[in-house]
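So this block is upload_38.csv, CSV, C-alpha atoms:
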chain,number,residue,atom,x,y,z
L,516,MET,CA,187.0,130.3,9.3
L,517,ASN,CA,190.1,128.2,9.7
L,518,LYS,CA,190.0,124.9,11.5
L,519,PRO,CA,191.9,125.8,14.7
L,520,ILE,CA,189.6,128.7,15.4
L,521,ARG,CA,186.5,126.5,14.9
L,522,SER,CA,187.9,123.9,17.2
L,523,LYS,CA,188.7,126.4,19.9
L,524,LEU,CA,185.2,127.9,19.6
L,525,PHE,CA,183.5,124.6,19.8
L,526,LYS,CA,185.5,123.8,22.9
L,527,ASN,CA,184.5,127.0,24.5
L,528,ILE,CA,180.8,126.4,23.8
L,529,ILE,CA,181.0,122.9,25.3
L,530,LEU,CA,182.8,124.3,28.4
L,531,SER,CA,180.3,127.1,28.8
L,532,SER,CA,177.4,124.6,28.5
L,533,PHE,CA,179.0,122.4,31.1
L,534,VAL,CA,179.5,125.3,33.5
L,535,ILE,CA,175.9,126.5,33.0
L,536,SER,CA,174.6,123.0,33.7
L,537,ILE,CA,176.6,122.8,36.9
L,538,LEU,CA,175.4,126.2,38.0
L,539,ILE,CA,171.8,125.2,37.3
L,540,VAL,CA,172.2,122.0,39.4
L,541,LEU,CA,173.8,124.0,42.2
L,542,TRP,CA,171.0,126.5,42.1
L,543,PHE,CA,168.4,123.7,42.4
L,544,ILE,CA,170.4,122.1,45.3
L,545,ALA,CA,170.6,125.5,47.1
L,546,LEU,CA,166.9,126.1,46.5
L,547,TYR,CA,166.0,122.7,48.0
L,548,VAL,CA,168.2,123.3,51.0
L,549,VAL,CA,166.5,126.7,51.6
L,550,VAL,CA,163.0,125.3,51.4
L,551,GLU,CA,163.8,122.4,53.7
L,552,SER,CA,165.6,124.6,56.2
L,553,ARG,CA,162.5,126.8,56.7
L,554,GLU,CA,160.8,126.3,60.1
L,555,LYS,CA,157.7,124.2,59.7
L,556,PRO,CA,154.6,125.4,61.7
L,557,GLU,CA,154.2,123.4,64.9
L,558,VAL,CA,151.0,121.5,64.9
L,559,LYS,CA,149.6,121.2,68.3
L,560,GLN,CA,148.0,117.9,69.1
L,561,HIS,CA,144.7,118.2,71.0
L,562,LYS,CA,144.5,116.2,74.1
L,563,THR,CA,141.6,113.9,74.2
L,564,ILE,CA,139.6,114.7,77.4
L,565,GLN,CA,138.5,111.6,79.1
L,566,PRO,CA,135.1,111.8,80.8
L,567,HIS,CA,135.4,112.1,84.5
L,568,ARG,CA,134.0,109.0,86.2
L,569,ILE,CA,132.1,109.8,89.3
L,570,THR,CA,132.3,106.9,91.8
L,571,LYS,CA,129.3,106.9,94.1
L,572,THR,CA,129.9,105.7,97.6
L,573,TYR,CA,126.8,104.6,99.5
L,574,PRO,CA,126.9,104.8,103.3
L,575,ASP,CA,126.4,101.7,105.2
L,576,TYR,CA,122.9,102.3,106.5
L,577,SER,CA,122.9,99.2,108.6
L,578,VAL,CA,125.8,100.6,110.7
L,579,ASN,CA,123.9,103.9,111.0
L,580,GLU,CA,120.7,102.2,112.1
L,581,GLN,CA,122.6,100.2,114.8
L,582,TYR,CA,124.2,103.4,116.0
L,583,ILE,CA,121.0,105.3,116.2
L,584,SER,CA,119.2,102.4,117.9
L,585,THR,CA,122.0,102.3,120.5
L,586,LEU,CA,121.9,106.0,120.9
L,587,LYS,CA,118.2,106.0,121.6
L,588,GLN,CA,118.5,103.1,124.1
L,589,VAL,CA,121.3,105.0,126.0
L,590,SER,CA,119.2,108.2,125.9
L,591,HIS,CA,116.2,106.4,127.3
L,592,GLU,CA,118.2,104.7,130.1
L,593,ALA,CA,119.8,108.0,131.0
L,594,LYS,CA,116.3,109.6,131.3
L,595,LEU,CA,115.1,106.8,133.5
L,596,LYS,CA,118.1,107.2,135.8
L,597,LYS,CA,117.2,110.8,136.4
L,598,LEU,CA,113.7,110.0,137.6
L,599,SER,CA,113.2,109.5,141.2
L,600,ASP,CA,111.7,106.3,142.7
L,601,GLU,CA,108.5,108.2,143.5
L,602,LYS,CA,108.1,109.4,139.9
L,603,ARG,CA,108.7,105.9,138.6
L,604,LYS,CA,106.0,104.5,140.8
L,605,VAL,CA,103.6,107.2,139.5
L,606,MET,CA,104.5,106.3,135.9
L,607,LYS,CA,104.0,102.6,136.5
L,608,LYS,CA,100.6,103.2,138.1
L,609,ALA,CA,99.5,105.4,135.2
L,610,VAL,CA,100.4,102.7,132.7
L,611,VAL,CA,98.5,100.0,134.7
L,612,VAL,CA,95.4,102.3,134.8
L,613,SER,CA,95.5,103.1,131.1
L,614,ARG,CA,95.7,99.4,130.2
L,615,SER,CA,92.9,98.3,132.5
L,616,LYS,CA,90.5,101.2,131.7
L,617,LYS,CA,87.9,100.1,129.2
L,618,PRO,CA,86.8,102.5,126.4
L,619,GLU,CA,83.5,104.2,126.9
L,620,LYS,CA,80.6,102.9,124.8
L,621,TRP,CA,79.4,105.4,122.1
L,622,TYR,CA,75.8,104.3,122.7
L,623,LYS,CA,73.5,104.0,125.8
L,624,SER,CA,71.8,100.7,124.9
L,625,LYS,CA,71.6,98.2,122.0
L,626,HIS,CA,68.3,96.6,120.8
L,627,THR,CA,66.9,94.5,117.9
L,628,GLY,CA,63.5,95.3,116.4
L,629,SER,CA,61.2,95.2,113.4
L,630,ILE,CA,61.8,98.2,111.0
L,631,THR,CA,59.1,99.4,108.7
L,632,PHE,CA,58.4,102.6,106.6
L,633,TYR,CA,55.4,104.8,106.8
L,634,THR,CA,54.1,107.9,105.1
L,635,ALA,CA,51.9,110.8,106.0
L,636,GLY,CA,49.2,109.5,103.6
L,637,TYR,CA,45.9,107.8,104.3
L,638,GLU,CA,47.3,104.3,104.0
L,639,SER,CA,49.5,105.0,107.1
L,640,THR,CA,47.8,107.7,109.1
L,641,GLY,CA,44.2,107.7,107.8
L,642,LYS,CA,44.7,111.3,106.8
L,643,SER,CA,44.8,113.0,103.4
L,644,PRO,CA,46.4,116.2,102.2
L,645,GLY,CA,44.3,119.2,103.5
L,646,ASP,CA,43.1,117.3,106.6
L,647,LYS,CA,43.9,118.8,110.0
L,648,GLY,CA,47.2,117.6,111.4
L,649,TYR,CA,48.3,116.1,108.1
L,650,GLY,CA,52.0,115.5,108.2
L,651,ILE,CA,52.2,116.5,111.9
L,652,THR,CA,53.7,113.9,114.4
L,653,ALA,CA,52.4,113.0,117.8
L,654,SER,CA,55.1,115.2,119.3
L,655,GLY,CA,53.7,118.2,117.4
L,656,ASN,CA,56.7,118.4,115.0
L,657,GLN,CA,56.5,118.3,111.2
L,658,ALA,CA,57.5,114.8,109.9
L,659,ILE,CA,60.8,114.9,108.1
L,660,GLU,CA,62.3,112.1,106.1
L,661,GLY,CA,65.7,111.1,107.3
L,662,ASN,CA,64.9,112.3,110.9
L,663,THR,CA,61.5,111.3,112.1
L,664,ILE,CA,60.7,107.8,113.4
L,665,ALA,CA,57.8,106.4,115.4
L,666,MET,CA,58.4,104.2,118.5
L,667,SER,CA,56.6,102.9,121.5
L,668,LYS,CA,56.1,104.9,124.7
L,669,GLN,CA,59.1,103.3,126.3
L,670,PHE,CA,61.3,105.5,124.2
L,671,PRO,CA,60.5,109.2,125.0
L,672,PHE,CA,60.2,111.9,122.3
L,673,GLY,CA,63.6,113.3,121.4
L,674,THR,CA,65.4,110.0,121.8
L,675,LYS,CA,68.3,109.7,119.3
L,676,VAL,CA,68.5,106.4,117.5
L,677,LYS,CA,71.1,104.9,115.2
L,678,ILE,CA,69.6,102.1,113.0
L,679,GLU,CA,71.9,99.5,111.4
L,680,GLY,CA,72.2,100.1,107.6
L,681,PHE,CA,71.2,103.8,107.8
L,682,PRO,CA,73.8,106.6,107.7
L,683,GLN,CA,71.8,109.2,109.6
L,684,THR,CA,70.7,109.5,113.2
L,685,PHE,CA,66.9,109.5,113.7
L,686,THR,CA,64.8,111.2,116.4
L,687,VAL,CA,61.7,109.7,118.1
L,688,GLN,CA,58.9,112.1,117.2
L,689,ASP,CA,55.9,110.0,116.6
L,690,ARG,CA,53.8,107.1,117.9
L,691,GLY,CA,51.6,104.4,116.4
L,692,GLY,CA,48.9,102.0,117.6
L,693,ALA,CA,50.6,99.0,115.9
L,694,ILE,CA,54.1,99.9,117.2
L,695,GLN,CA,55.0,97.9,120.3
L,696,GLY,CA,58.2,97.1,122.2
L,697,THR,CA,61.3,97.7,120.0
L,698,ASP,CA,59.5,98.2,116.7
L,699,ILE,CA,60.4,101.3,114.7
L,700,ASP,CA,58.4,103.0,111.9
L,701,VAL,CA,60.6,105.2,109.8
L,702,PHE,CA,59.0,108.2,108.0
L,703,VAL,CA,59.4,108.5,104.2
L,704,THR,CA,57.6,110.5,101.6
L,705,SER,CA,57.3,107.7,99.0
L,706,LEU,CA,54.6,105.0,99.4
L,707,ASP,CA,56.5,102.9,96.8
L,708,ARG,CA,59.6,102.9,99.0
L,709,ALA,CA,57.6,102.0,102.0
L,710,ILE,CA,56.0,99.0,100.3
L,711,GLU,CA,59.3,97.9,98.8
L,712,PHE,CA,61.2,98.0,102.1
L,713,GLY,CA,58.5,95.9,103.8
L,714,ARG,CA,59.5,94.7,107.3
L,715,GLN,CA,63.1,94.0,108.2
L,716,GLU,CA,64.8,92.9,111.5
L,717,ARG,CA,67.6,95.4,112.3
L,718,THR,CA,69.8,96.2,115.3
L,719,PHE,CA,69.6,99.8,116.6
L,720,TYR,CA,71.3,101.8,119.2
L,721,ILE,CA,69.9,104.4,121.7
L,722,LEU,CA,72.4,107.3,121.9
L,723,ASN,CA,70.9,109.3,124.8
Target encoding structure tokens, full file:
Amino acid sequence: MNKPIRSKLFKNIILSSFVISILIVLWFIALYVVVESREKPEVKQHKTIQPHRITKTYPDYSVNEQYISTLKQVSHEAKLKKLSDEKRKVMKKAVVVSRSKKPEKWYKSKHTGSITFYTAGYESTGKSPGDKGYGITASGNQAIEGNTIAMSKQFPFGTKVKIEGFPQTFTVQDRGGAIQGTDIDVFVTSLDRAIEFGRQERTFYILN
């Protein structure tokens, strides 16, 4: 191959390589432009929800109380104006009577006496179990603890008595030779209790 032909061929190869290089560069540029021009997906930003603040408002109770007080006073005065003079006099008289009237006493009379315990046994009555009238009181009733008491004749059978320090109400059902004045002998079933109690000064009330 002669020299001119080789030179020409060499030039053609260089030119072709240059053109190819330019085309490749242009292709990359076009590809970059296409990629960049594509629409990017829109990213929605979530709004941060702020907590709702509830502001409490408290009423002014002092104002309300003053209003209610005033309203009651006006209402009361209005009611009084509607009453006639005669009704007002009756009302005033009723108030005076209610204030001056003393409450009724819950008892008939009040006394103080010696309180003792007794049993149905020989040490108190001279009788033993099996004897005639054992456990029977002078009134003819069976002696019952918590109810039966013996008192002098000035207190009739059936008299109801409330003794200080005892929750129950007693009934006079028995007598005793050693019982005088305001002495009271309370019936119990235990001799030990009777001895332990001994003799005590107590206030008692006659109820009927």
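Residue neighbourhood of Ile664 (chain L), excluding near-sequence residues (fewer than 2 positions): L:Asn662, L:Met666, L:Phe685, L:Thr686, L:Val687, L:Gln688, L:Asp689, L:Ile699, L:Asp700, L:Val701, L:Phe702, at 8 Å, using only C-alpha atoms.
Among the candidates L:Arg690, L:Val676, L:Leu530, L:Ile537, the one nearest to Trp621 (chain L) when counting only C-alpha atoms is L:Val676.
Across the model, the gap from CA of Ile651 (chain L) to CA of Glu716 (chain L) is 26.8 Å.
Each of L:Thr718, L:Ser705, L:Gln669, L:Gln695 was compared to Phe681 (chain L) using all atoms listed in the file, and L:Thr718 turns out to be the nearest.
Of the residues under consideration (L:Ser531, L:Gln657, L:Thr627, L:Thr634), L:Thr634 shows the shortest atom-to-atom contact distance to Arg708 (chain L) when counting all atoms listed in the file.
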Counting all atoms listed in the file, the option among L:Ile678, L:Ile710, L:Val548, L:Ala653 closest to Tyr633 (chain L):
L:Ile710
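Using only C-alpha atoms, the shortest contact distance between Thr652 (chain L) and any of L:Val534, L:Phe543, L:Gly691, L:Glu638 is found at L:Gly691.
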